[in-house]
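Student: Sending over input-v7.tsv (TSV, C-alpha atoms and all ligand atoms).
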chain	number	residue	atom	x	y	z
A	1	MET	CA	296.33	-210.68	9.18
A	2	ALA	CA	294.69	-214.05	9.81
A	3	PHE	CA	291.72	-212.24	11.36
A	4	LYS	CA	291.42	-209.98	8.29
A	5	THR	CA	291.42	-212.97	5.96
A	6	LEU	CA	288.79	-214.74	8.04
A	7	SER	CA	286.47	-211.72	8.15
A	8	ALA	CA	286.89	-211.26	4.40
A	9	LEU	CA	285.97	-214.89	3.92
A	10	ILE	CA	282.91	-214.52	6.14
A	11	SER	CA	281.67	-211.51	4.18
A	12	VAL	CA	282.14	-213.39	0.88
A	13	VAL	CA	280.11	-216.32	2.25
A	14	ALA	CA	277.41	-213.93	3.51
A	15	ALA	CA	277.25	-212.19	0.14
A	16	LEU	CA	276.99	-215.54	-1.62
A	17	GLN	CA	274.14	-216.59	0.66
A	18	VAL	CA	272.21	-213.41	-0.14
A	19	ALA	CA	272.81	-213.90	-3.88
A	20	ASN	CA	271.76	-217.52	-3.62
A	21	ALA	CA	268.53	-216.65	-1.83
A	22	ALA	CA	267.77	-214.17	-4.59
A	23	ILE	CA	268.40	-216.77	-7.28
A	24	ILE	CA	266.34	-219.58	-5.77
A	25	LYS	CA	263.38	-217.58	-4.60
A	26	ARG	CA	260.56	-219.93	-3.64
A	27	VAL	CA	256.82	-219.38	-3.30
A	28	THR	CA	254.54	-221.89	-1.59
A	29	CYS	CA	251.19	-221.97	-3.40
A	30	SER	CA	247.86	-222.43	-1.59
A	31	THR	CA	247.83	-225.98	-3.01
A	32	GLY	CA	251.08	-226.67	-1.11
A	33	GLN	CA	253.31	-226.90	-4.17
A	34	VAL	CA	256.43	-224.78	-4.43
A	35	THR	CA	257.48	-222.72	-7.45
A	36	SER	CA	259.69	-219.75	-8.26
A	37	ASN	CA	256.91	-217.30	-9.16
A	38	ALA	CA	253.48	-216.86	-7.56
A	39	ALA	CA	251.95	-216.45	-11.03
A	40	CYS	CA	252.82	-220.10	-11.75
A	41	CYS	CA	250.63	-221.37	-8.87
A	42	THR	CA	247.53	-221.36	-11.09
A	43	LEU	CA	249.13	-224.09	-13.21
A	44	PHE	CA	249.19	-226.84	-10.58
A	45	PRO	CA	245.43	-227.59	-10.60
A	46	ILE	CA	245.52	-227.61	-14.42
A	47	ILE	CA	248.44	-230.03	-14.39
A	48	ASP	CA	246.63	-232.38	-12.00
A	49	ASP	CA	243.54	-232.24	-14.19
A	50	ILE	CA	245.27	-232.97	-17.51
A	51	GLN	CA	247.56	-235.63	-16.06
A	52	THR	CA	244.58	-237.55	-14.67
A	53	ASN	CA	241.90	-236.83	-17.22
A	54	MET	CA	243.74	-236.27	-20.51
A	55	PHE	CA	247.09	-238.08	-20.40
A	56	GLU	CA	246.24	-240.69	-17.74
A	57	ASN	CA	249.84	-240.21	-16.55
A	58	GLU	CA	251.13	-242.03	-19.64
A	59	CYS	CA	253.26	-241.22	-22.68
A	60	GLY	CA	250.50	-242.26	-25.06
A	61	GLU	CA	248.75	-240.93	-28.13
A	62	ASP	CA	247.39	-237.74	-26.54
A	63	VAL	CA	250.90	-236.83	-25.38
A	64	HIS	CA	252.30	-237.45	-28.86
A	65	GLU	CA	249.55	-235.38	-30.46
A	66	SER	CA	249.98	-232.58	-27.91
A	67	LEU	CA	253.70	-232.40	-28.71
A	68	ARG	CA	252.97	-232.36	-32.43
A	69	LEU	CA	250.44	-229.58	-31.86
A	70	THR	CA	253.13	-227.34	-30.30
A	71	PHE	CA	255.13	-227.63	-33.51
A	72	HIS	CA	252.26	-226.99	-35.91
A	73	ASP	CA	251.22	-223.91	-33.92
A	74	ALA	CA	254.70	-222.45	-33.38
A	75	ILE	CA	256.02	-222.90	-36.93
A	76	GLY	CA	253.12	-220.75	-38.20
A	77	ILE	CA	255.28	-217.67	-38.65
A	78	GLY	CA	257.68	-216.27	-41.24
A	79	SER	CA	257.95	-214.07	-44.29
A	80	ASN	CA	254.32	-214.79	-45.22
A	81	GLY	CA	253.04	-213.75	-41.79
A	82	GLY	CA	251.66	-215.68	-38.83
A	83	GLY	CA	251.91	-215.18	-35.07
A	84	GLY	CA	254.07	-218.23	-34.24
A	85	ALA	CA	253.65	-219.78	-30.80
A	86	ASP	CA	250.39	-218.01	-30.03
A	87	GLY	CA	247.78	-220.78	-29.83
A	88	SER	CA	246.21	-219.74	-33.14
A	89	ILE	CA	245.83	-223.39	-34.15
A	90	ILE	CA	243.28	-223.69	-31.32
A	91	VAL	CA	241.63	-220.27	-31.65
A	92	PHE	CA	241.35	-220.62	-35.44
A	93	GLU	CA	240.97	-224.40	-35.43
A	94	ASP	CA	238.49	-224.39	-38.31
A	95	ILE	CA	241.06	-222.76	-40.56
A	96	GLU	CA	244.41	-224.16	-39.43
A	97	THR	CA	243.50	-227.81	-38.87
A	98	ASN	CA	242.11	-227.87	-42.40
A	99	PHE	CA	245.55	-227.11	-43.83
A	100	HIS	CA	246.81	-230.32	-45.46
A	101	ALA	CA	249.86	-230.68	-43.18
A	102	SER	CA	247.72	-230.42	-40.03
A	103	LEU	CA	244.85	-232.74	-40.99
A	104	GLY	CA	243.97	-234.91	-38.00
A	105	LEU	CA	245.08	-232.39	-35.38
A	106	ASP	CA	241.46	-231.31	-34.88
A	107	GLU	CA	241.15	-234.36	-32.60
A	108	ILE	CA	243.70	-233.19	-30.02
A	109	VAL	CA	242.46	-229.59	-30.30
A	110	ASP	CA	238.95	-230.85	-29.48
A	111	THR	CA	240.37	-232.88	-26.58
A	112	GLN	CA	242.20	-229.83	-25.19
A	113	LYS	CA	239.40	-227.27	-25.62
A	114	PRO	CA	237.20	-228.31	-22.66
A	115	PHE	CA	240.24	-228.11	-20.35
A	116	ILE	CA	240.96	-224.56	-21.59
A	117	ALA	CA	237.33	-223.60	-21.04
A	118	LYS	CA	237.42	-225.00	-17.51
A	119	HIS	CA	240.61	-223.24	-16.42
A	120	ASN	CA	241.59	-219.59	-16.55
A	121	ILE	CA	244.37	-219.83	-19.15
A	122	THR	CA	244.87	-218.64	-22.74
A	123	PRO	CA	244.85	-221.29	-25.48
A	124	GLY	CA	248.50	-220.49	-26.27
A	125	ASP	CA	249.67	-220.95	-22.68
A	126	PHE	CA	247.62	-224.14	-22.33
A	127	LEU	CA	248.88	-225.69	-25.55
A	128	TYR	CA	252.56	-225.37	-24.53
A	129	LEU	CA	251.85	-226.36	-20.92
A	130	ALA	CA	250.16	-229.52	-22.19
A	131	GLY	CA	253.13	-230.27	-24.48
A	132	ALA	CA	255.66	-230.05	-21.65
A	133	ILE	CA	253.56	-231.89	-19.07
A	134	GLY	CA	252.71	-234.64	-21.53
A	135	VAL	CA	256.34	-235.21	-22.50
A	136	SER	CA	257.29	-235.45	-18.80
A	137	ASN	CA	255.43	-238.79	-18.84
A	138	CYS	CA	257.92	-240.19	-21.36
A	139	GLN	CA	260.87	-241.94	-19.76
A	140	GLY	CA	264.19	-240.42	-20.84
A	141	ALA	CA	262.70	-237.05	-21.82
A	142	PRO	CA	264.16	-233.71	-20.75
A	143	GLN	CA	262.17	-231.51	-18.38
A	144	LEU	CA	260.78	-229.11	-21.00
A	145	PRO	CA	260.37	-225.39	-20.32
A	146	VAL	CA	257.02	-223.66	-19.76
A	147	PHE	CA	256.41	-219.92	-20.18
A	148	ILE	CA	253.09	-218.22	-19.52
A	149	GLY	CA	251.72	-214.82	-20.48
A	150	ARG	CA	250.83	-215.30	-24.14
A	151	PRO	CA	247.94	-213.05	-25.16
A	152	ASN	CA	245.07	-214.48	-27.21
A	153	ALA	CA	245.91	-215.16	-30.84
A	154	THR	CA	244.34	-212.55	-33.10
A	155	ALA	CA	244.74	-214.13	-36.54
A	156	PRO	CA	245.27	-217.58	-38.05
A	157	ALA	CA	248.67	-218.57	-39.43
A	158	PRO	CA	248.84	-218.72	-43.23
A	159	ASP	CA	248.83	-222.09	-44.98
A	160	LEU	CA	252.05	-223.88	-46.01
A	161	THR	CA	254.12	-223.02	-42.94
A	162	VAL	CA	254.25	-226.65	-41.72
A	163	PRO	CA	256.70	-228.87	-43.62
A	164	GLU	CA	255.31	-231.97	-45.31
A	165	PRO	CA	257.01	-235.39	-45.22
A	166	PHE	CA	257.36	-235.26	-49.03
A	167	ASP	CA	259.19	-231.90	-48.99
A	168	THR	CA	262.84	-231.81	-50.01
A	169	VAL	CA	265.61	-231.22	-47.46
A	170	ASP	CA	266.25	-227.86	-49.18
A	171	SER	CA	262.70	-226.75	-48.64
A	172	ILE	CA	262.54	-228.08	-45.05
A	173	LEU	CA	265.74	-226.29	-44.02
A	174	ALA	CA	264.58	-223.09	-45.76
A	175	ARG	CA	261.21	-223.22	-43.95
A	176	PHE	CA	262.83	-223.59	-40.51
A	177	ASP	CA	265.25	-220.78	-41.32
A	178	ASP	CA	262.41	-218.53	-42.42
A	179	ALA	CA	260.30	-219.35	-39.35
A	180	GLY	CA	262.93	-218.73	-36.71
A	181	LYS	CA	266.49	-218.87	-38.05
A	182	PHE	CA	266.77	-222.50	-36.97
A	183	THR	CA	270.08	-224.06	-38.04
A	184	PRO	CA	270.21	-227.49	-39.71
A	185	ALA	CA	271.51	-228.86	-36.36
A	186	GLU	CA	268.49	-227.42	-34.55
A	187	VAL	CA	266.17	-228.96	-37.14
A	188	VAL	CA	267.71	-232.37	-36.45
A	189	ALA	CA	267.37	-231.77	-32.71
A	190	LEU	CA	263.67	-230.91	-33.08
A	191	LEU	CA	263.11	-234.15	-34.96
A	192	ALA	CA	264.05	-236.01	-31.79
A	193	SER	CA	260.32	-235.53	-31.13
A	194	HIS	CA	259.70	-238.36	-33.60
A	195	THR	CA	261.06	-240.73	-30.93
A	196	VAL	CA	257.65	-240.46	-29.22
A	197	ALA	CA	255.52	-240.51	-32.33
A	198	ALA	CA	253.32	-242.46	-34.69
A	199	ALA	CA	251.46	-241.74	-37.91
A	200	ASP	CA	247.71	-242.05	-38.35
A	201	ARG	CA	247.35	-240.61	-41.81
A	202	VAL	CA	250.48	-241.30	-43.83
A	203	ASP	CA	249.08	-244.78	-44.43
A	204	PRO	CA	245.48	-244.51	-43.22
A	205	THR	CA	245.04	-248.30	-43.35
A	206	ILE	CA	247.42	-248.68	-40.36
A	207	PRO	CA	246.74	-245.83	-37.90
A	208	GLY	CA	249.06	-245.53	-34.89
A	209	THR	CA	252.13	-246.87	-36.72
A	210	PRO	CA	255.25	-245.69	-34.82
A	211	PHE	CA	258.40	-244.07	-36.23
A	212	ASP	CA	260.60	-246.21	-33.97
A	213	SER	CA	260.30	-249.39	-31.93
A	214	THR	CA	259.86	-247.52	-28.60
A	215	PRO	CA	257.21	-244.81	-29.16
A	216	SER	CA	256.53	-244.27	-25.45
A	217	VAL	CA	260.19	-243.76	-24.50
A	218	PHE	CA	262.22	-240.63	-25.27
A	219	ASP	CA	265.32	-242.56	-26.35
A	220	THR	CA	267.63	-242.45	-29.38
A	221	GLN	CA	266.20	-245.53	-31.16
A	222	PHE	CA	264.59	-243.22	-33.72
A	223	PHE	CA	268.05	-242.05	-34.85
A	224	VAL	CA	269.33	-245.65	-35.02
A	225	GLU	CA	266.37	-247.09	-36.88
A	226	THR	CA	266.05	-244.30	-39.47
A	227	GLN	CA	269.65	-245.04	-40.51
A	228	LEU	CA	268.92	-248.72	-41.26
A	229	ARG	CA	268.24	-249.87	-44.81
A	230	GLY	CA	264.54	-249.76	-45.60
A	231	THR	CA	263.21	-253.14	-46.71
A	232	LEU	CA	259.42	-253.06	-46.42
A	233	PHE	CA	256.28	-250.99	-46.22
A	234	PRO	CA	254.34	-251.74	-43.03
A	235	GLY	CA	250.95	-251.29	-44.70
A	236	ASN	CA	249.47	-251.14	-48.16
A	237	GLY	CA	252.60	-249.97	-49.95
A	238	SER	CA	254.08	-246.62	-50.73
A	239	ASN	CA	252.08	-243.53	-49.78
A	240	GLN	CA	252.94	-239.89	-50.36
A	241	GLY	CA	255.75	-238.97	-47.93
A	242	GLU	CA	256.49	-242.59	-47.00
A	243	VAL	CA	259.59	-244.68	-47.77
A	244	GLU	CA	260.52	-248.24	-46.81
A	245	SER	CA	261.21	-248.98	-43.14
A	246	PRO	CA	263.44	-251.71	-41.65
A	247	LEU	CA	260.81	-253.27	-39.37
A	248	GLN	CA	257.29	-254.65	-39.64
A	249	GLY	CA	254.93	-252.28	-37.86
A	250	GLU	CA	257.25	-249.26	-38.22
A	251	ILE	CA	256.73	-246.43	-40.69
A	252	ARG	CA	259.42	-244.13	-42.08
A	253	LEU	CA	258.81	-240.62	-43.35
A	254	GLN	CA	260.59	-239.63	-46.54
A	255	SER	CA	261.68	-236.38	-44.81
A	256	ASP	CA	263.26	-238.23	-41.85
A	257	SER	CA	264.97	-240.63	-44.25
A	258	GLU	CA	266.43	-237.80	-46.32
A	259	LEU	CA	267.52	-235.70	-43.35
A	260	ALA	CA	269.34	-238.78	-42.02
A	261	ARG	CA	271.19	-239.11	-45.34
A	262	ASP	CA	271.80	-235.51	-46.50
A	263	SER	CA	275.40	-234.29	-46.23
A	264	ARG	CA	274.24	-231.17	-44.36
A	265	THR	CA	272.49	-233.12	-41.59
A	266	ALA	CA	273.72	-236.76	-41.63
A	267	CYS	CA	276.58	-236.38	-39.12
A	268	GLU	CA	274.37	-234.41	-36.76
A	269	TRP	CA	271.68	-237.10	-37.11
A	270	GLN	CA	274.17	-239.86	-36.32
A	271	SER	CA	275.57	-237.92	-33.33
A	272	PHE	CA	272.30	-238.55	-31.46
A	273	VAL	CA	272.69	-242.34	-31.69
A	274	ASN	CA	273.10	-243.73	-28.16
A	275	ASN	CA	273.69	-240.23	-26.79
A	276	GLN	CA	270.93	-239.76	-24.25
A	277	ASP	CA	272.49	-236.57	-22.83
A	278	LYS	CA	272.55	-235.00	-26.25
A	279	ILE	CA	268.98	-235.89	-27.21
A	280	GLN	CA	267.84	-234.26	-23.96
A	281	THR	CA	269.91	-231.08	-24.06
A	282	ALA	CA	269.71	-230.42	-27.81
A	283	PHE	CA	265.97	-231.09	-28.04
A	284	LYS	CA	265.26	-228.97	-24.98
A	285	ALA	CA	267.27	-226.02	-26.34
A	286	ALA	CA	265.68	-226.10	-29.80
A	287	TYR	CA	262.21	-226.62	-28.32
A	288	ALA	CA	262.75	-223.64	-25.95
A	289	LYS	CA	263.43	-221.50	-29.01
A	290	MET	CA	260.39	-222.89	-30.85
A	291	ILE	CA	257.81	-222.24	-28.12
A	292	VAL	CA	258.44	-218.49	-27.96
A	293	LEU	CA	258.45	-217.79	-31.70
A	294	GLY	CA	256.61	-214.51	-32.30
A	295	GLN	CA	256.31	-213.74	-28.58
A	296	ASN	CA	257.84	-210.85	-26.66
A	297	THR	CA	259.75	-212.93	-24.13
A	298	GLN	CA	259.97	-209.98	-21.72
A	299	ASN	CA	256.23	-210.37	-21.14
A	300	LEU	CA	256.48	-214.09	-20.39
A	301	ILE	CA	256.95	-215.70	-16.97
A	302	ASP	CA	259.19	-218.74	-16.65
A	303	CYS	CA	257.17	-221.50	-14.97
A	304	SER	CA	259.44	-224.36	-16.03
A	305	ASP	CA	259.76	-225.65	-12.48
A	306	VAL	CA	256.11	-226.77	-12.48
A	307	VAL	CA	257.04	-229.55	-14.92
A	308	PRO	CA	257.70	-232.93	-13.28
A	309	VAL	CA	261.19	-234.33	-13.83
A	310	PRO	CA	260.80	-237.28	-16.23
A	311	LYS	CA	262.06	-240.74	-15.24
A	312	THR	CA	265.65	-241.28	-16.34
A	313	LEU	CA	266.52	-243.92	-18.89
A	314	ASN	CA	269.44	-246.24	-18.26
A	315	LYS	CA	269.24	-248.40	-21.37
A	316	ALA	CA	271.75	-248.16	-24.19
A	317	ALA	CA	270.51	-247.90	-27.78
A	318	THR	CA	270.52	-251.20	-29.69
A	319	PHE	CA	270.01	-252.62	-33.14
A	320	PRO	CA	266.61	-254.34	-33.30
A	321	ALA	CA	266.77	-258.17	-33.20
A	322	GLY	CA	268.10	-259.64	-36.43
A	323	LEU	CA	269.68	-256.36	-37.58
A	324	GLY	CA	273.17	-254.94	-37.15
A	325	ILE	CA	275.90	-252.69	-38.46
A	326	GLN	CA	275.67	-254.39	-41.90
A	327	ASP	CA	272.17	-252.86	-42.23
A	328	VAL	CA	273.31	-249.30	-41.58
A	329	GLU	CA	273.27	-246.98	-44.58
A	330	GLN	CA	276.28	-244.98	-43.50
A	331	ALA	CA	275.73	-241.35	-44.47
A	332	CYS	CA	278.10	-239.42	-42.20
A	333	SER	CA	281.44	-239.43	-44.00
A	334	THR	CA	283.62	-238.28	-41.11
A	335	THR	CA	282.62	-240.45	-38.14
A	336	PRO	CA	281.88	-244.19	-38.12
A	337	PHE	CA	278.49	-245.39	-36.87
A	338	PRO	CA	278.61	-246.07	-33.09
A	339	THR	CA	279.03	-249.67	-31.94
A	340	LEU	CA	275.75	-251.05	-30.62
A	341	ALA	CA	274.60	-254.43	-29.34
A	342	THR	CA	271.77	-256.23	-31.16
A	343	ASP	CA	268.61	-257.11	-29.23
A	344	PRO	CA	268.49	-260.88	-28.65
A	345	GLY	CA	265.90	-263.20	-30.16
A	346	PRO	CA	264.08	-263.49	-33.47
A	347	VAL	CA	263.08	-260.52	-35.66
A	348	THR	CA	260.14	-258.73	-34.06
A	349	SER	CA	257.49	-256.36	-35.32
A	350	VAL	CA	256.52	-253.08	-33.67
A	351	ALA	CA	253.08	-252.81	-32.07
A	352	PRO	CA	250.84	-249.86	-32.99
A	353	VAL	CA	250.26	-247.04	-30.49
A	354	PRO	CA	246.71	-247.55	-29.19
A	355	PRO	CA	244.30	-244.62	-29.51
A	356	SER	CA	243.93	-242.58	-26.30
B	1	LIG	C1	260.59	-231.75	-41.18
B	1	LIG	C2	259.74	-231.52	-40.23
B	1	LIG	C3	258.60	-232.44	-39.90
B	1	LIG	C4	257.80	-233.18	-40.72
B	1	LIG	C5	257.84	-233.25	-42.23
B	1	LIG	C6	256.90	-233.92	-39.86
B	1	LIG	C7	255.92	-234.78	-40.32
B	1	LIG	C8	255.12	-235.56	-39.52
B	1	LIG	C9	254.12	-236.48	-39.99
B	1	LIG	C10	253.75	-236.71	-41.45
B	1	LIG	C11	253.58	-237.09	-38.92
B	1	LIG	C12	252.49	-238.17	-38.91
B	1	LIG	C13	251.12	-237.53	-38.83
B	1	LIG	C14	250.03	-238.57	-38.96
B	1	LIG	O1	249.95	-239.23	-40.00
B	1	LIG	O2	249.27	-238.78	-37.99
B	1	LIG	C15	254.24	-236.57	-37.75
B	1	LIG	C16	253.97	-236.95	-36.46
B	1	LIG	C17	254.52	-236.34	-35.36
B	1	LIG	N1	255.35	-235.26	-35.35
B	1	LIG	FE1	256.30	-234.47	-36.93
B	1	LIG	N2	257.17	-233.62	-38.56
B	1	LIG	C18	258.19	-232.72	-38.53
B	1	LIG	C19	258.72	-232.11	-37.40
B	1	LIG	C20	258.23	-232.26	-36.13
B	1	LIG	C21	258.61	-231.46	-35.01
B	1	LIG	C22	259.63	-230.32	-35.05
B	1	LIG	C23	257.91	-231.92	-33.93
B	1	LIG	C24	257.92	-231.45	-32.51
B	1	LIG	C25	258.81	-230.67	-31.96
B	1	LIG	C26	257.11	-233.04	-34.40
B	1	LIG	C27	256.34	-233.85	-33.60
B	1	LIG	C28	255.61	-234.92	-34.05
B	1	LIG	C29	254.96	-235.87	-33.17
B	1	LIG	C30	255.07	-235.92	-31.65
B	1	LIG	C31	254.26	-236.76	-33.99
B	1	LIG	C32	253.42	-237.96	-33.56
B	1	LIG	C33	251.97	-237.64	-33.40
B	1	LIG	C34	251.21	-238.90	-32.94
B	1	LIG	O3	251.82	-239.91	-32.63
B	1	LIG	O4	249.98	-238.85	-32.90
B	1	LIG	N3	257.31	-233.19	-35.74
B	1	LIG	N4	255.17	-235.64	-38.14
Would you put the structure from the file into C-alpha cells?
Ligand code: HEM
Tutor:
Amino acid sequence: MAFKTLSALISVVAALQVANAAIIKRVTCSTGQVTSNAACCTLFPIIDDIQTNMFENECGEDVHESLRLTFHDAIGIGSNGGGGADGSIIVFEDIETNFHASLGLDEIVDTQKPFIAKHNITPGDFLYLAGAIGVSNCQGAPQLPVFIGRPNATAPAPDLTVPEPFDTVDSILARFDDAGKFTPAEVVALLASHTVAAADRVDPTIPGTPFDSTPSVFDTQFFVETQLRGTLFPGNGSNQGEVESPLQGEIRLQSDSELARDSRTACEWQSFVNNQDKIQTAFKAAYAKMIVLGQNTQNLIDCSDVVPVPKTLNKAATFPAGLGIQDVEQACSTTPFPTLATDPGPVTSVAPVPPS
C-alpha cells in the first residue's frame, strides 16, 4: 500500500515537472539573452539601442511622450472607424499628429522613426515596445506587456477619437466605451499614466509642467494631488482644459479634476491613493487591453519577458509639504480619504521636466 502511494506520488511529481517545463520554455538568443519565444530575440538589440540612444536609461520626457503615443495610437478605433493599436499614428503621421488632441506628438514620432528604419520591425510593434521599455525606467512601474506581430497600418485613424482635457466625463467615458468597452474603473486605471507625465501645450508658456510632484516615479502621488483643492494656476492663468492646481509648478487637467470628483469614478480614483500594488496591477491590466485594440491577438506573440523589471518603490504616498487632509476635496462618499503623512519642511514648488 505504502509502495503504491509512493509510486503514485512519484508519477504526479514527474507529470508536474513535464508540465512545468512546457510552461516555462526558454530560448537562449544569439545575443545571450533568454526569452520564451525565439521570435522575441530580435527585440534585444532594439531595446539596447533605444535604452542608450533614445531614453538614456531614464524616465524622462521621451519616455513620457512614448507612453502618451501608445494611447493616442490605440484609442484610434470605434464606431467611426480606425485600426486601433496598429501604429497608424506613425505611418500616417502627417494626418494624425495634426489632429488637435495629438498636436506636439510629431516630436516623439520623429524621434522614433530613425530607430524603426534601422531595425526590422513594424511601426506598430516598435511603438508599443518603446512604450513598455520606456516605462520600465520609471521606479514603481509595473513590467508592461509587449506583443509583436502587428502588420503595417493601412489607413489613418479618424479625427476626434482622442479625448480632450476639456471634454466632459460623460463624453470621456462614452469614448472609451466606444473604443474598446473600457469600464469607468479601467479609464481611471489608464489615467495612472499621468503619474509620469507633464504638459507642454496646455499652457505653452510653461512647457514641461508635471501633473504631480514626482513625474519620473510611477507612484500614486498623482491620485493624491488631484484630490487636493486647487488654489493657483502655475503659469499665465486659465487655459482651455486647465483648472487650478494645489502646487506651484504643477498643472491640473480639467478632465483629471472632474474624473477625480465624479460620482461614477471618485471612489475608484481614491482607491489608488497609497496603493502601489493596485496602481501596478490595474494599470497593467487596462494597458494590456489597450495595446491590442483592433488586433487579432491570435496572430501576436507574447514577448513580455523582454521588458526589464522596474525598480520597486518603497515610499508611502504623502501630502506635499504644507498641505494635509484639510485640503482634500472629498468626493468618494462611501470611504474616507486614506491617512497620509505630510512631507516635512516649507511649501515647495515642482520643477519642470527637462526636454529630452
Ligand atoms: C481622459 C483621457 C485623457 C486625456 C483628456 C489626456 C490629456 C492629456 C493632455 C492634455 C496632456 C498634455 C499634453 C501636452 O500639453 O503636452 C497629456 C499628457 C500625457 N498623457 Fe494623457 N490624457 C488622457 C489619457 C491618457 C492615457 C490613457 C494615457 C496612457 C495610457 C496618457 C498618457 C499621457 C502621458 C504619459 C502624458 C505626458 C506626456 C509628456 O510628459 O510629454 N494619457 N494627456
Student: Let me make sure I understand: among A:Lys113, A:Arg150, A:Ser102, A:Ala141, which one has the smallest atom-to-atom distance to Asn299 in chain A if we use all atoms listed in the file?
Tutor: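 Residue with the minimum atom-to-atom distance to Asn299 in chain A: A:Arg150.
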Student: What do you get as a PDB file with C-alpha atoms, in the coordinates of the input if you pick all residues at most 6 Å from ligand LIG 1 (chain B), counting all atoms listed in the file?
Tutor:
ATOM      1  CA  GLU A  61     248.750-240.930 -28.130  1.00  0.00           C
ATOM      2  CA  HIS A  64     252.300-237.450 -28.860  1.00  0.00           C
ATOM      3  CA  GLU A  65     249.550-235.380 -30.460  1.00  0.00           C
ATOM      4  CA  LEU A  67     253.700-232.400 -28.710  1.00  0.00           C
ATOM      5  CA  ARG A  68     252.970-232.360 -32.430  1.00  0.00           C
ATOM      6  CA  PHE A  71     255.130-227.630 -33.510  1.00  0.00           C
ATOM      7  CA  PRO A 163     256.700-228.870 -43.620  1.00  0.00           C
ATOM      8  CA  GLU A 164     255.310-231.970 -45.310  1.00  0.00           C
ATOM      9  CA  PRO A 165     257.010-235.390 -45.220  1.00  0.00           C
ATOM     10  CA  ILE A 172     262.540-228.080 -45.050  1.00  0.00           C
ATOM     11  CA  LEU A 190     263.670-230.910 -33.080  1.00  0.00           C
ATOM     12  CA  LEU A 191     263.110-234.150 -34.960  1.00  0.00           C
ATOM     13  CA  SER A 193     260.320-235.530 -31.130  1.00  0.00           C
ATOM     14  CA  HIS A 194     259.700-238.360 -33.600  1.00  0.00           C
ATOM     15  CA  VAL A 196     257.650-240.460 -29.220  1.00  0.00           C
ATOM     16  CA  ALA A 197     255.520-240.510 -32.330  1.00  0.00           C
ATOM     17  CA  ALA A 198     253.320-242.460 -34.690  1.00  0.00           C
ATOM     18  CA  ALA A 199     251.460-241.740 -37.910  1.00  0.00           C
ATOM     19  CA  ASP A 200     247.710-242.050 -38.350  1.00  0.00           C
ATOM     20  CA  ARG A 201     247.350-240.610 -41.810  1.00  0.00           C
ATOM     21  CA  VAL A 202     250.480-241.300 -43.830  1.00  0.00           C
ATOM     22  CA  SER A 255     261.680-236.380 -44.810  1.00  0.00           C
TER      23      SER A 255
END
Student: Given all atoms listed in the file, how would the per-residue table for range 121-152 of chain A near range 280-287 of chain A read, listing every residue at most 8 Å away with its closest atom pair and distance in Å to one decimal, sorted by chain and number, as a tab-separated table?
Tutor:
residue	atom	partner	partner_atom	distance
A:Gly140	CA	A:Gln280	CA	7.8
A:Ala141	CA	A:Gln280	CA	6.2
A:Pro142	CA	A:Gln280	CA	4.9
A:Gln143	CA	A:Lys284	CA	7.7
A:Leu144	CA	A:Lys284	CA	6.0
A:Pro145	CA	A:Lys284	CA	7.6
Student: Figure out the distance between CA of Cys138 in chain A and CA of Glu56 in chain A, please, to one decimal in Å.
Tutor: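 Pair CA of Glu56 in chain A / CA of Cys138 in chain A returns 12.2 Å.
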Student: For each of A:Ser271, A:Ser304, A:Thr161, A:Gln326, take the minimum atom-to-atom distance to Arg229 in chain A, counting only C-alpha atoms, then give the residue where this is smallest.
Tutor: A:Gln326
Student: My list of candidates is A:Val188, A:Val146, A:Leu69, A:Val273. Which is closest to Pro336 in chain A when distances are computed with all atoms listed in the file?
Tutor: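 Of A:Val188, A:Val146, A:Leu69, A:Val273, the one nearest Pro336 in chain A is A:Val273, counting all atoms listed in the file.
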Student: Skip Ile77 in chain A itself and residues of its chain fewer than 4 positions away, then list as number ranges by chain all residues within 10 Å of it, counting all atoms listed in the file.
Tutor: A: 73, 81-86, 157-158, 161-162, 175-176, 178-180, 293-294
Student: Between CA of Gly76 in chain A and CA of Leu160 in chain A, measure the distance and give it in Å to one decimal.
Tutor: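 So the two atoms, CA of Gly76 in chain A and CA of Leu160 in chain A, lie 8.5 Å apart.
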Student: What does the distance between CA of Asp106 in chain A and CA of Ser171 in chain A come to in Å, to one decimal place?
Tutor: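 According to the coordinates, CA of Asp106 in chain A and CA of Ser171 in chain A are separated by 25.7 Å.
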Student: Identify which of the residues A:Phe223, A:Phe233, A:Phe126, A:Phe115 lies closest to Ser88 in chain A, counting only C-alpha atoms when measuring atom-to-atom distances.
Tutor: A:Phe126
Student: Which of these residues is nearest to Ala260 in chain A, using only C-alpha atoms: A:Thr312, A:Thr111, A:Thr220, A:Gln330?
Tutor: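 Looking only at the distances to Ala260 in chain A, the closest residue turns out to be A:Gln330.
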Student: Under the rule that only C-alpha atoms are counted, which of A:Asn37, A:Asn137, A:Thr318, A:Ser213 is the nearest residue to Glu250 in chain A?
Tutor: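 Of the candidates, the smallest distance to Glu250 in chain A is held by A:Ser213.
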Student: Around (277.5, -253.7, -39.2), as given in the file, which residues come within 12 Å? Count all atoms listed in the file and list them as a PyMOL selection string.
Tutor: chain A and resi 227-229+319+322-330+336-342
Student: Determine, counting all atoms listed in the file, which protein, DNA and RNA residues have an atom within 8 Å of an atom of range 23-36 of chain A; residues of the same chain fewer than 6 positions away are not included. Present the result as a PyMOL selection string.
Tutor: chain A and resi 44+303+305-306
Student: If you take every atom of range 282-294 of chain A that the file lists and fit an axis-aligned box around them with 6 Å extra on each side, what centre and edge lengths come out in Å to one decimal, as AutoDock Vina command-line options?
Tutor:
--center_x 263.2 --center_y -222.8 --center_z -28.6 --size_x 25.1 --size_y 28.6 --size_z 19.3
